[in-house]
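Source file: entry20.tsv; contents: TSV, C-alpha atoms and all ligand atoms.
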```tsv
chain	number	residue	atom	x	y	z
M	1	MET	CA	-138.80	68.70	0.58
M	2	SER	CA	-135.19	68.45	1.72
M	3	ALA	CA	-134.36	68.24	5.42
M	4	ALA	CA	-133.70	71.49	7.26
M	5	LEU	CA	-130.34	70.06	8.29
M	6	SER	CA	-128.57	66.93	7.26
M	7	VAL	CA	-125.32	65.75	8.82
M	8	GLU	CA	-123.48	62.70	7.55
M	9	GLY	CA	-120.43	61.08	9.10
M	10	LEU	CA	-119.36	64.24	10.91
M	11	THR	CA	-116.02	63.81	12.65
M	12	THR	CA	-114.42	66.68	14.56
M	13	SER	CA	-110.83	66.54	15.75
M	14	LEU	CA	-109.16	68.65	18.38
M	15	ARG	CA	-105.48	69.37	18.69
M	16	ILE	CA	-104.44	68.46	22.21
M	17	ASP	CA	-100.76	68.73	23.19
M	18	GLY	CA	-99.86	68.74	19.51
M	19	VAL	CA	-101.83	65.57	18.69
M	20	TRP	CA	-105.08	65.59	16.70
M	21	ARG	CA	-107.72	63.42	18.36
M	22	ASP	CA	-111.28	62.70	17.27
M	23	ALA	CA	-113.55	64.36	19.84
M	24	VAL	CA	-116.75	63.73	17.86
M	25	ARG	CA	-116.89	60.61	15.71
M	26	ASP	CA	-119.00	59.75	12.71
M	27	VAL	CA	-122.19	61.58	13.74
M	28	SER	CA	-125.11	61.39	11.30
M	29	PHE	CA	-128.62	62.77	11.63
M	30	GLU	CA	-131.37	64.56	9.76
M	31	LEU	CA	-133.51	67.31	11.17
M	32	ALA	CA	-136.87	67.83	9.48
M	33	ARG	CA	-138.63	71.20	9.25
M	34	GLY	CA	-140.70	71.85	12.32
M	35	GLU	CA	-139.00	69.05	14.23
M	36	THR	CA	-137.11	69.19	17.53
M	37	LEU	CA	-134.23	66.77	17.88
M	38	ALA	CA	-132.67	66.69	21.34
M	39	LEU	CA	-128.97	66.01	21.81
M	40	VAL	CA	-128.15	64.76	25.31
M	41	GLY	CA	-125.22	63.38	27.27
M	42	GLU	CA	-123.08	64.35	30.24
M	43	SER	CA	-120.60	67.19	30.29
M	44	GLY	CA	-117.76	66.89	27.79
M	45	CYS	CA	-119.41	64.28	25.54
M	46	GLY	CA	-119.21	66.53	22.47
M	47	LYS	CA	-122.60	68.25	22.23
M	48	SER	CA	-121.33	71.82	21.84
M	49	LEU	CA	-118.50	70.67	19.61
M	50	THR	CA	-121.03	69.04	17.26
M	51	ALA	CA	-123.00	72.31	17.22
M	52	MET	CA	-119.94	74.45	16.59
M	53	THR	CA	-118.89	72.15	13.75
M	54	VAL	CA	-122.30	72.42	12.09
M	55	MET	CA	-122.09	76.22	12.46
M	56	GLY	CA	-118.58	76.24	10.98
M	57	LEU	CA	-117.30	77.94	14.12
M	58	LEU	CA	-114.46	75.66	15.19
M	59	PRO	CA	-111.46	77.63	16.47
M	60	ALA	CA	-108.83	77.46	13.71
M	61	GLY	CA	-105.71	75.48	14.60
M	62	VAL	CA	-107.48	73.86	17.57
M	63	GLY	CA	-110.45	72.17	15.96
M	64	ARG	CA	-111.18	70.85	12.48
M	65	LEU	CA	-113.81	68.93	10.58
M	66	SER	CA	-111.90	65.79	9.63
M	67	ALA	CA	-114.68	64.02	7.78
M	68	GLY	CA	-118.32	64.31	6.91
M	69	ARG	CA	-120.92	66.36	5.07
M	70	ILE	CA	-123.12	69.12	6.44
M	71	VAL	CA	-126.10	70.26	4.37
M	72	ILE	CA	-128.10	73.21	5.67
M	73	ASP	CA	-131.40	73.93	3.90
M	74	GLY	CA	-130.11	72.18	0.77
M	75	VAL	CA	-126.69	73.90	0.74
M	76	GLU	CA	-123.59	71.86	1.47
M	77	THR	CA	-121.53	73.97	3.85
M	78	SER	CA	-118.67	71.62	4.66
M	79	GLY	CA	-115.81	72.98	2.58
M	80	LEU	CA	-117.27	76.45	1.96
M	81	ALA	CA	-114.97	79.43	2.35
M	82	GLU	CA	-115.53	81.66	5.38
M	83	ALA	CA	-117.26	84.44	3.43
M	84	GLN	CA	-119.86	82.07	1.95
M	85	LEU	CA	-120.26	80.32	5.25
M	86	GLU	CA	-120.94	83.63	6.95
M	87	LYS	CA	-123.86	84.15	4.60
M	88	VAL	CA	-125.39	80.72	5.31
M	89	ARG	CA	-124.95	81.29	9.04
M	90	GLY	CA	-127.04	84.42	8.95
M	91	ASP	CA	-129.56	83.20	6.38
M	92	ALA	CA	-130.34	79.59	7.03
M	93	ILE	CA	-129.12	78.70	10.49
M	94	GLY	CA	-129.08	80.48	13.83
M	95	MET	CA	-127.65	79.49	17.16
M	96	ILE	CA	-128.42	80.24	20.76
M	97	PHE	CA	-125.17	79.75	22.61
M	98	GLN	CA	-124.64	78.05	25.93
M	99	GLU	CA	-123.05	81.27	27.15
M	100	PRO	CA	-125.21	84.29	26.10
M	101	MET	CA	-122.32	86.73	26.06
M	102	THR	CA	-120.65	84.63	23.33
M	103	SER	CA	-123.03	85.95	20.73
M	104	LEU	CA	-123.92	89.35	22.16
M	105	ASN	CA	-121.45	92.19	21.90
M	106	PRO	CA	-121.30	93.93	25.29
M	107	VAL	CA	-120.51	97.37	23.88
M	108	LEU	CA	-123.37	97.58	21.36
M	109	THR	CA	-127.07	98.03	22.15
M	110	VAL	CA	-129.20	94.97	21.48
M	111	GLY	CA	-131.33	96.89	18.98
M	112	PHE	CA	-128.23	97.78	16.99
M	113	GLN	CA	-127.03	94.17	16.98
M	114	ILE	CA	-130.32	92.73	15.75
M	115	ALA	CA	-130.69	95.49	13.15
M	116	GLU	CA	-127.14	94.97	11.89
M	117	SER	CA	-127.85	91.33	11.14
M	118	LEU	CA	-130.98	92.30	9.17
M	119	ILE	CA	-129.10	94.96	7.21
M	120	GLN	CA	-126.33	92.53	6.31
M	121	HIS	CA	-128.37	89.45	5.53
M	122	ARG	CA	-131.71	90.84	4.42
M	123	GLY	CA	-130.67	94.15	2.90
M	124	LEU	CA	-133.07	96.21	5.02
M	125	SER	CA	-132.50	99.94	5.49
M	126	ARG	CA	-131.43	101.01	8.97
M	127	ARG	CA	-134.89	102.33	9.67
M	128	GLN	CA	-136.67	99.15	8.51
M	129	ALA	CA	-134.17	97.03	10.41
M	130	ARG	CA	-134.81	98.93	13.65
M	131	GLU	CA	-138.55	98.54	13.23
M	132	ARG	CA	-138.13	94.80	12.59
M	133	ALA	CA	-135.82	94.53	15.61
M	134	ARG	CA	-138.59	96.02	17.74
M	135	GLU	CA	-141.09	93.49	16.36
M	136	LEU	CA	-138.68	90.67	17.13
M	137	MET	CA	-138.20	91.89	20.69
M	138	GLU	CA	-142.00	91.87	21.04
M	139	LEU	CA	-142.19	88.41	19.51
M	140	VAL	CA	-139.86	87.06	22.19
M	141	ARG	CA	-141.98	88.91	24.76
M	142	ILE	CA	-139.56	91.48	26.06
M	143	PRO	CA	-141.65	94.10	27.86
M	144	ALA	CA	-141.36	97.72	26.63
M	145	ALA	CA	-139.54	96.46	23.53
M	146	ALA	CA	-139.28	99.89	21.88
M	147	GLN	CA	-137.33	101.34	24.83
M	148	ARG	CA	-135.27	98.21	25.44
M	149	LEU	CA	-133.82	98.41	21.91
M	150	ASP	CA	-131.38	100.98	23.25
M	151	SER	CA	-130.26	98.91	26.24
M	152	TYR	CA	-126.96	97.07	26.41
M	153	PRO	CA	-126.80	93.30	27.03
M	154	HIS	CA	-125.68	93.69	30.67
M	155	GLN	CA	-128.80	95.74	31.42
M	156	PHE	CA	-131.01	92.67	30.91
M	157	SER	CA	-131.70	89.90	33.41
M	158	GLY	CA	-130.51	86.38	32.50
M	159	GLY	CA	-133.91	85.32	31.18
M	160	MET	CA	-134.36	88.51	29.16
M	161	ARG	CA	-130.85	88.22	27.75
M	162	GLN	CA	-131.71	84.69	26.63
M	163	ARG	CA	-134.73	86.13	24.81
M	164	VAL	CA	-132.58	88.79	23.14
M	165	MET	CA	-130.34	85.99	21.94
M	166	ILE	CA	-133.33	84.11	20.56
M	167	ALA	CA	-134.50	87.29	18.78
M	168	LEU	CA	-131.04	87.67	17.25
M	169	ALA	CA	-130.87	84.00	16.25
M	170	ILE	CA	-134.25	84.05	14.48
M	171	ALA	CA	-134.01	87.60	13.06
M	172	CYS	CA	-133.35	86.43	9.51
M	173	GLU	CA	-135.89	83.59	9.72
M	174	PRO	CA	-133.45	80.70	9.54
M	175	LYS	CA	-134.63	77.16	8.75
M	176	VAL	CA	-132.55	75.67	11.54
M	177	LEU	CA	-131.97	76.80	15.08
M	178	ILE	CA	-129.36	75.23	17.31
M	179	ALA	CA	-130.18	75.88	20.95
M	180	ASP	CA	-127.24	74.92	23.18
M	181	GLU	CA	-128.52	74.59	26.76
M	182	PRO	CA	-130.87	77.53	26.16
M	183	THR	CA	-132.32	77.38	29.66
M	184	THR	CA	-129.65	75.98	31.95
M	185	ALA	CA	-128.80	79.33	33.52
M	186	LEU	CA	-132.45	80.22	34.13
M	187	ASP	CA	-134.79	79.51	37.01
M	188	VAL	CA	-137.51	76.94	36.41
M	189	THR	CA	-140.37	79.37	35.63
M	190	VAL	CA	-138.33	81.38	33.14
M	191	GLN	CA	-136.98	78.12	31.73
M	192	ALA	CA	-140.52	76.97	30.91
M	193	GLN	CA	-141.35	80.35	29.36
M	194	VAL	CA	-138.31	80.29	27.09
M	195	LEU	CA	-139.05	76.71	25.98
M	196	ASP	CA	-142.69	77.61	25.29
M	197	LEU	CA	-141.53	80.54	23.25
M	198	LEU	CA	-139.21	78.34	21.19
M	199	GLY	CA	-142.07	75.88	20.67
M	200	SER	CA	-144.45	78.51	19.38
M	201	LEU	CA	-141.85	80.04	17.05
M	202	GLN	CA	-141.24	76.60	15.76
M	203	ARG	CA	-144.89	75.90	15.06
M	204	ASP	CA	-145.36	79.29	13.37
M	205	LYS	CA	-142.20	79.28	11.28
M	206	GLY	CA	-141.53	75.57	10.71
M	207	LEU	CA	-138.11	75.88	12.30
M	208	GLY	CA	-136.08	72.71	12.78
M	209	VAL	CA	-134.53	72.86	16.25
M	210	LEU	CA	-131.48	70.96	17.48
M	211	LEU	CA	-131.95	71.23	21.24
M	212	ILE	CA	-128.85	70.53	23.29
M	213	THR	CA	-129.51	69.78	26.91
M	214	HIS	CA	-128.52	67.47	29.71
M	215	ASN	CA	-132.01	67.73	31.20
M	216	LEU	CA	-134.03	64.65	30.22
M	217	GLY	CA	-137.21	66.28	31.54
M	218	VAL	CA	-136.77	69.01	28.92
M	219	VAL	CA	-136.29	66.30	26.27
M	220	ALA	CA	-139.48	64.46	27.26
M	221	THR	CA	-141.65	67.57	27.01
M	222	ASN	CA	-140.03	69.42	24.10
M	223	ALA	CA	-138.53	67.04	21.56
M	224	GLN	CA	-139.83	64.46	19.11
M	225	ARG	CA	-136.56	62.62	18.70
M	226	VAL	CA	-133.48	62.21	20.86
M	227	MET	CA	-129.86	61.38	20.25
M	228	VAL	CA	-127.59	60.36	23.15
M	229	MET	CA	-123.85	61.02	22.97
M	230	TYR	CA	-121.10	59.46	25.03
M	231	GLY	CA	-117.40	60.22	24.58
M	232	GLY	CA	-117.99	61.79	21.16
M	233	ASP	CA	-120.06	58.87	19.84
M	234	VAL	CA	-123.79	58.78	19.24
M	235	VAL	CA	-124.72	55.75	21.32
M	236	GLU	CA	-128.50	55.77	20.91
M	237	SER	CA	-131.12	57.58	18.88
M	238	GLY	CA	-134.83	57.20	18.50
M	239	GLU	CA	-138.25	58.72	18.93
M	240	VAL	CA	-138.77	60.21	22.36
M	241	GLY	CA	-141.65	57.90	23.35
M	242	ALA	CA	-139.76	54.75	22.38
M	243	PHE	CA	-136.58	55.99	24.02
M	244	PHE	CA	-138.14	56.69	27.41
M	245	ALA	CA	-140.24	53.52	27.33
M	246	ASN	CA	-137.39	51.28	26.30
M	247	PRO	CA	-133.92	52.85	26.48
M	248	ARG	CA	-131.42	50.45	24.91
M	249	HIS	CA	-127.90	51.62	25.48
M	250	PRO	CA	-126.55	50.89	28.99
M	251	TYR	CA	-125.39	54.52	29.15
M	252	SER	CA	-128.90	55.81	28.35
M	253	ARG	CA	-130.30	53.51	31.02
M	254	ALA	CA	-127.81	54.85	33.53
M	255	LEU	CA	-128.69	58.44	32.56
M	256	LEU	CA	-132.38	57.74	33.06
M	257	ALA	CA	-131.73	56.03	36.38
M	258	ALA	CA	-129.82	59.11	37.54
M	259	MET	CA	-132.70	61.42	36.61
M	260	PRO	CA	-134.83	62.73	39.47
M	261	ARG	CA	-138.49	61.82	39.04
M	262	VAL	CA	-141.58	62.82	40.96
M	263	ASP	CA	-142.79	59.22	41.10
M	264	ARG	CA	-139.68	57.82	42.77
M	265	PRO	CA	-137.92	58.65	46.03
M	266	THR	CA	-134.70	60.60	45.50
M	267	ALA	CA	-132.73	58.04	47.52
M	268	ASP	CA	-133.14	55.60	44.60
M	269	LEU	CA	-131.15	57.79	42.23
M	270	SER	CA	-128.04	56.01	41.10
M	271	PRO	CA	-125.26	58.23	39.79
M	272	ILE	CA	-123.20	56.60	37.05
M	273	PRO	CA	-119.99	55.27	38.63
M	274	GLY	CA	-116.69	56.44	37.15
M	275	GLN	CA	-115.99	59.22	34.69
M	276	VAL	CA	-115.90	59.79	30.96
M	277	PRO	CA	-112.33	58.89	29.88
M	278	THR	CA	-110.34	61.83	28.53
M	279	LEU	CA	-109.75	62.01	24.78
M	280	ALA	CA	-106.16	60.89	25.26
M	281	ASP	CA	-107.18	57.61	26.91
M	282	MET	CA	-110.40	56.68	25.18
M	283	PRO	CA	-110.58	52.89	24.91
M	284	GLU	CA	-110.63	51.15	21.54
M	285	GLY	CA	-114.05	49.71	20.85
M	286	CYS	CA	-117.03	50.79	22.90
M	287	ARG	CA	-116.16	53.99	24.74
M	288	PHE	CA	-118.53	53.20	27.61
M	289	GLN	CA	-117.02	49.78	28.36
M	290	SER	CA	-115.03	50.79	31.46
M	291	ARG	CA	-118.27	51.89	33.18
M	292	CYS	CA	-120.62	49.33	31.72
M	293	PRO	CA	-122.31	46.59	33.77
M	294	LEU	CA	-123.04	44.54	30.62
M	295	ARG	CA	-119.51	44.56	29.21
M	296	GLU	CA	-118.37	41.45	27.35
M	297	GLU	CA	-115.51	40.49	25.05
M	298	ALA	CA	-117.13	41.78	21.88
M	299	CYS	CA	-117.09	45.32	23.34
M	300	ALA	CA	-113.36	45.56	22.59
M	301	ARG	CA	-114.35	46.26	18.96
M	302	ARG	CA	-116.21	49.44	18.12
M	303	PRO	CA	-119.91	48.51	17.98
M	304	PRO	CA	-121.94	49.77	15.01
M	305	LEU	CA	-125.02	51.93	15.55
M	306	THR	CA	-127.62	49.21	15.00
M	307	PRO	CA	-131.35	49.59	14.33
M	308	LEU	CA	-133.65	47.49	16.53
M	309	ARG	CA	-135.40	44.70	14.68
M	310	ASP	CA	-138.89	45.83	15.63
M	311	ASP	CA	-138.25	49.59	15.42
M	312	PRO	CA	-135.77	50.55	12.70
M	313	ARG	CA	-135.92	54.22	13.79
M	314	HIS	CA	-134.50	53.27	17.18
M	315	LEU	CA	-130.75	52.62	17.11
M	316	THR	CA	-128.23	51.54	19.73
M	317	ARG	CA	-124.44	51.35	19.58
M	318	CYS	CA	-124.27	48.30	21.83
M	319	VAL	CA	-123.77	44.71	20.77
M	320	VAL	CA	-125.36	43.38	23.95
M	321	THR	CA	-128.60	45.36	24.01
M	322	ALA	CA	-129.06	45.27	20.23
M	323	ARG	CA	-129.53	41.49	20.67
M	324	GLU	CA	-132.27	41.82	23.31
M	325	ALA	CA	-135.83	41.11	22.30
M	326	SER	CA	-138.07	44.06	23.10
R	1	LIG	N1	-111.47	74.72	22.50
R	1	LIG	C1	-111.20	73.53	23.02
R	1	LIG	N2	-109.94	73.14	23.30
R	1	LIG	C2	-109.67	71.92	23.83
R	1	LIG	N3	-110.60	71.00	24.11
R	1	LIG	C3	-111.88	71.31	23.88
R	1	LIG	C4	-112.26	72.58	23.32
R	1	LIG	N4	-113.62	72.59	23.19
R	1	LIG	C5	-114.03	71.39	23.63
R	1	LIG	N5	-113.00	70.62	24.05
R	1	LIG	C6	-113.09	69.22	24.56
R	1	LIG	O1	-113.92	68.49	23.67
R	1	LIG	C7	-114.77	67.61	24.37
R	1	LIG	C8	-116.22	67.90	24.05
R	1	LIG	O2	-116.56	69.19	24.56
R	1	LIG	P1	-117.99	69.86	24.37
R	1	LIG	O3	-117.82	71.30	24.72
R	1	LIG	O4	-118.52	69.55	23.04
R	1	LIG	O5	-118.84	69.12	25.49
R	1	LIG	P2	-120.40	69.29	25.86
R	1	LIG	O6	-121.04	67.97	25.59
R	1	LIG	O7	-120.95	70.47	25.17
R	1	LIG	O8	-120.35	69.49	27.45
R	1	LIG	P3	-121.18	70.47	28.41
R	1	LIG	O9	-122.41	69.72	28.77
R	1	LIG	O10	-120.27	70.66	29.58
R	1	LIG	O11	-121.44	71.74	27.67
R	1	LIG	C9	-114.40	67.76	25.83
R	1	LIG	O12	-113.47	66.76	26.14
R	1	LIG	C10	-113.77	69.13	25.89
R	1	LIG	O13	-112.85	69.22	26.96
R	2	MG	MG	-121.62	72.28	25.83
```
Take the structure in the file and write it out as structure tokens.
Amino acid sequence: MSAALSVEGLTTSLRIDGVWRDAVRDVSFELARGETLALVGESGCGKSLTAMTVMGLLPAGVGRLSAGRIVIDGVETSGLAEAQLEKVRGDAIGMIFQEPMTSLNPVLTVGFQIAESLIQHRGLSRRQARERARELMELVRIPAAAQRLDSYPHQFSGGMRQRVMIALAIACEPKVLIADEPTTALDVTVQAQVLDLLGSLQRDKGLGVLLITHNLGVVATNAQRVMVMYGGDVVESGEVGAFFANPRHPYSRALLAAMPRVDRPTADLSPIPGQVPTLADMPEGCRFQSRCPLREEACARRPPLTPLRDDPRHLTRCVVTAREAS
């Protein structure tokens, strides 16, 4: 069976002050059905941009796919015209946006919005679509779903609005769901409920989920594989267990060291010194070199993403740590 989503050599460029610069470089991954792949990295590293590129939602004139292939549920979408792309977006892939109001229209009731998607993509009658919208609202555990169909997005709390967005994203039973920081705006209890909900939908429907987060705790409990980005590059990827047990890239190690843990006093947290360089002054070679404690001469050339000798599914874009014995 083909992967739910396959991305090969994806490069996204942004036009900044009239100059096109690569903001996401040569990203490749496969997402299997039923799998959760987490995409992590600090603010501005290119997580949302990767998601928007896969969705075909780059703002025209500002962003473009400069290279690469995107195959969603067996259909190559890179290069499709907008009308065809629109169909794939509703049918095969759904997205929960970092900002809920991006995908919800404030002047339409949520029931209308979910129904509209079902009418357009699944050819349901208005009546069938409304009934299905109610079922979906129940599925995402919105209390009094039948009445809430006629509410507007602003009449929901943050957590409930997030659920409405999930209902909308899964309405047409896509094969792939991209969840961009689906829980960041929520308090911890609601956060856990929303993640549980995603997990159960995934088990029931075999959804492949690309989970974007900067919360490594969420990664440890919800994903099978993880991919770390830094400055638009994937710098490490591997299975979650192997990654947490033996992070390879110096940036991943720094991220983990900066993560609060219950088994370590908070005073030991070490924030990563320095900042991600802006796109205009990204260094040649390894993009992490200016902040890296292990930097050496070879880092002036762009390191390849290299599989570890004893675990070929675990890759690091670092010439120094790729050499280490594990
Ligand atoms: N529309 C845009 N115009 C100009 N620059 C943009 C635009 N969208 C993103 N960028 C830039 O592209 C880079 C990657 O941004 P992106 O939104 O993908 O980051 P992110 O990893 O999702 O961060 P966060 O964790 O804050 O959501 C950043 O340098 C950002 O400033
Ligand atoms: Mg983002």
Report as CSV: every residue of chain M with an atom at most 9 Å from ligand MG 2 (chain R), its closest pair of atoms, and their distance in Å to one decimal, counting only C-alpha atoms and all ligand atoms, with rows sorted by chain and ascending residue number.
```
residue,atom,partner,partner_atom,distance
M:Ser43,CA,R:MG2,MG,6.8
M:Gly44,CA,R:MG2,MG,6.9
M:Cys45,CA,R:MG2,MG,8.3
M:Gly46,CA,R:MG2,MG,7.1
M:Lys47,CA,R:MG2,MG,5.5
M:Ser48,CA,R:MG2,MG,4.0
M:Leu49,CA,R:MG2,MG,7.1
M:Ala51,CA,R:MG2,MG,8.7
M:Phe97,CA,R:MG2,MG,8.9
M:Gln98,CA,R:MG2,MG,6.5
M:Asp180,CA,R:MG2,MG,6.8
M:Glu181,CA,R:MG2,MG,7.3
M:Ile212,CA,R:MG2,MG,7.9
M:Thr213,CA,R:MG2,MG,8.3
```
Report as JSON the centre and the edge lengths, in Å to one decimal, of the axis-aligned box holding every listed atom of ligand LIG 1 (chain R), padded by 6 Å on each side.
```
{"center_x": -116.0, "center_y": 70.7, "center_z": 26.0, "size_x": 24.7, "size_y": 20.0, "size_z": 19.1}
```
Set the distance at 9 Å and use only C-alpha atoms: which residues neighbour segment 66-76 of chain M once local chain neighbours fewer than 2 positions away are removed? I'd like the list as a list in words. Ser2, Ala3, Ala4, Leu5, Ser6, Val7, Glu8, Gly9, Leu10, Thr11, Thr12, Ser13, Asp22, Arg25, Asp26, Val27, Ser28, Thr53, Val54, Arg64, Ser78, Gly79, Leu80, Val88, Ala92, Ile93, Lys175 and Val176 of chain M
One decimal place gives the atom CA of Leu31 of chain M-atom CA of Glu239 of chain M separation as 12.5 Å
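The smallest atom-to-atom distance between ligand LIG 1 (chain R) and any of M:Gly232, M:Pro182, M:Gly206, M:Gly123, using only C-alpha atoms and all ligand atoms, is found for M:Gly232.
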If you count all atoms listed in the file, which residues fall within 9 Å of Leu197 of chain M, apart from same-chain ones fewer than 2 positions away, as a list of chain:residue names? M:Leu139, M:Val140, M:Arg141, M:Arg163, M:Ala192, M:Gln193, M:Val194, M:Leu195, M:Gly199, M:Ser200, M:Leu201, M:Gln202
Please determine the residues with any atom at most 9 Å from (-118.4, 49.4, 27.4) (coordinates as given in the file, with all atoms listed in the file counting) and report them as a PyMOL selection string. chain M and resi 250-251+283+285-296+299-300+318
Deliver the residues from the most recent selection as a file, using C-alpha atoms, as a compact mmCIF listing (two decimals), keeping the file's coordinate frame.
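The new file out-v8.txt reads:
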```
# COMPACT_ATOMS: atom_id res chain seq x y z
CA PRO M 250 -126.55 50.89 28.99
CA TYR M 251 -125.39 54.52 29.15
CA PRO M 283 -110.58 52.89 24.91
CA GLY M 285 -114.05 49.71 20.85
CA CYS M 286 -117.03 50.79 22.90
CA ARG M 287 -116.16 53.99 24.74
CA PHE M 288 -118.53 53.20 27.61
CA GLN M 289 -117.02 49.78 28.36
CA SER M 290 -115.03 50.79 31.46
CA ARG M 291 -118.27 51.89 33.18
CA CYS M 292 -120.62 49.33 31.72
CA PRO M 293 -122.31 46.59 33.77
CA LEU M 294 -123.04 44.54 30.62
CA ARG M 295 -119.51 44.56 29.21
CA GLU M 296 -118.37 41.45 27.35
CA CYS M 299 -117.09 45.32 23.34
CA ALA M 300 -113.36 45.56 22.59
CA CYS M 318 -124.27 48.30 21.83
```
M:Val24, M:Ala32, M:Leu57, M:Ala81: which is nearest Met95 of chain M, counting all atoms listed in the file? M:Leu57
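Ranking M:Leu211, M:Leu104, M:Met55, M:Ala146 by their shortest atom-to-atom distance to Thr184 of chain M, with only C-alpha atoms included, puts M:Leu211 first.
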Can you find the residues with an atom no farther than 10 Å from (-128.3, 93.5, 15.1), counting only C-alpha atoms, and report them as a PyMOL selection string? chain M and resi 104-105+108-120+129-130+133+167-169+171
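What separates atom CA of Thr102 of chain M from atom CA of Val218 of chain M is a distance of 23.1 Å.
Atom C3 of ligand LIG 1 (chain R) to atom CA of Val19 of chain M spans 12.7 Å [interatomic distance, one decimal].
For the choices M:Leu14, M:Ala144, M:Ile178, M:Val226, the atom-to-atom distance to ligand LIG 1 (chain R) is smallest for M:Leu14 when using all atoms listed in the file.
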Please fill the gaps in segment 135-151 of chain M so it has N, CA and C atoms, and write that as a PDB file, in the frame of the given file.
```pdb
ATOM      1  N   GLU M 135    -140.098  94.571  16.495  1.00  0.00           N
ATOM      2  CA  GLU M 135    -141.090  93.490  16.360  1.00  0.00           C
ATOM      3  C   GLU M 135    -140.556  92.183  16.928  1.00  0.00           C
ATOM      4  N   LEU M 136    -139.280  91.923  16.640  1.00  0.00           N
ATOM      5  CA  LEU M 136    -138.680  90.670  17.130  1.00  0.00           C
ATOM      6  C   LEU M 136    -138.600  90.658  18.652  1.00  0.00           C
ATOM      7  N   MET M 137    -138.272  91.804  19.226  1.00  0.00           N
ATOM      8  CA  MET M 137    -138.200  91.890  20.690  1.00  0.00           C
ATOM      9  C   MET M 137    -139.597  91.667  21.287  1.00  0.00           C
ATOM     10  N   GLU M 138    -140.622  92.120  20.575  1.00  0.00           N
ATOM     11  CA  GLU M 138    -142.000  91.870  21.040  1.00  0.00           C
ATOM     12  C   GLU M 138    -142.342  90.396  20.903  1.00  0.00           C
ATOM     13  N   LEU M 139    -141.919  89.828  19.773  1.00  0.00           N
ATOM     14  CA  LEU M 139    -142.190  88.410  19.510  1.00  0.00           C
ATOM     15  C   LEU M 139    -141.611  87.525  20.617  1.00  0.00           C
ATOM     16  N   VAL M 140    -140.446  87.866  21.116  1.00  0.00           N
ATOM     17  CA  VAL M 140    -139.860  87.060  22.190  1.00  0.00           C
ATOM     18  C   VAL M 140    -140.297  87.580  23.568  1.00  0.00           C
ATOM     19  N   ARG M 141    -141.304  88.419  23.546  1.00  0.00           N
ATOM     20  CA  ARG M 141    -141.980  88.910  24.760  1.00  0.00           C
ATOM     21  C   ARG M 141    -141.052  89.622  25.737  1.00  0.00           C
ATOM     22  N   ILE M 142    -140.338  90.589  25.186  1.00  0.00           N
ATOM     23  CA  ILE M 142    -139.560  91.480  26.060  1.00  0.00           C
ATOM     24  C   ILE M 142    -140.442  92.705  26.308  1.00  0.00           C
ATOM     25  N   PRO M 143    -140.773  92.974  27.571  1.00  0.00           N
ATOM     26  CA  PRO M 143    -141.650  94.100  27.860  1.00  0.00           C
ATOM     27  C   PRO M 143    -141.000  95.432  27.449  1.00  0.00           C
ATOM     28  N   ALA M 144    -141.822  96.388  27.050  1.00  0.00           N
ATOM     29  CA  ALA M 144    -141.360  97.720  26.630  1.00  0.00           C
ATOM     30  C   ALA M 144    -140.259  97.599  25.568  1.00  0.00           C
ATOM     31  N   ALA M 145    -140.541  96.768  24.555  1.00  0.00           N
ATOM     32  CA  ALA M 145    -139.540  96.460  23.530  1.00  0.00           C
ATOM     33  C   ALA M 145    -138.931  97.715  22.897  1.00  0.00           C
ATOM     34  N   ALA M 146    -139.770  98.704  22.586  1.00  0.00           N
ATOM     35  CA  ALA M 146    -139.280  99.890  21.880  1.00  0.00           C
ATOM     36  C   ALA M 146    -138.176 100.586  22.683  1.00  0.00           C
ATOM     37  N   GLN M 147    -138.365 100.686  24.004  1.00  0.00           N
ATOM     38  CA  GLN M 147    -137.330 101.340  24.830  1.00  0.00           C
ATOM     39  C   GLN M 147    -136.115 100.439  25.006  1.00  0.00           C
ATOM     40  N   ARG M 148    -136.378  99.113  25.136  1.00  0.00           N
ATOM     41  CA  ARG M 148    -135.270  98.210  25.440  1.00  0.00           C
ATOM     42  C   ARG M 148    -134.300  98.033  24.272  1.00  0.00           C
ATOM     43  N   LEU M 149    -134.720  98.473  23.060  1.00  0.00           N
ATOM     44  CA  LEU M 149    -133.820  98.410  21.910  1.00  0.00           C
ATOM     45  C   LEU M 149    -132.502  99.122  22.195  1.00  0.00           C
ATOM     46  N   ASP M 150    -132.577 100.167  22.993  1.00  0.00           N
ATOM     47  CA  ASP M 150    -131.380 100.980  23.250  1.00  0.00           C
ATOM     48  C   ASP M 150    -130.617 100.552  24.509  1.00  0.00           C
ATOM     49  N   SER M 151    -131.000  99.400  25.069  1.00  0.00           N
ATOM     50  CA  SER M 151    -130.260  98.910  26.240  1.00  0.00           C
ATOM     51  C   SER M 151    -129.092  98.028  25.782  1.00  0.00           C
TER      52      SER M 151
END
```
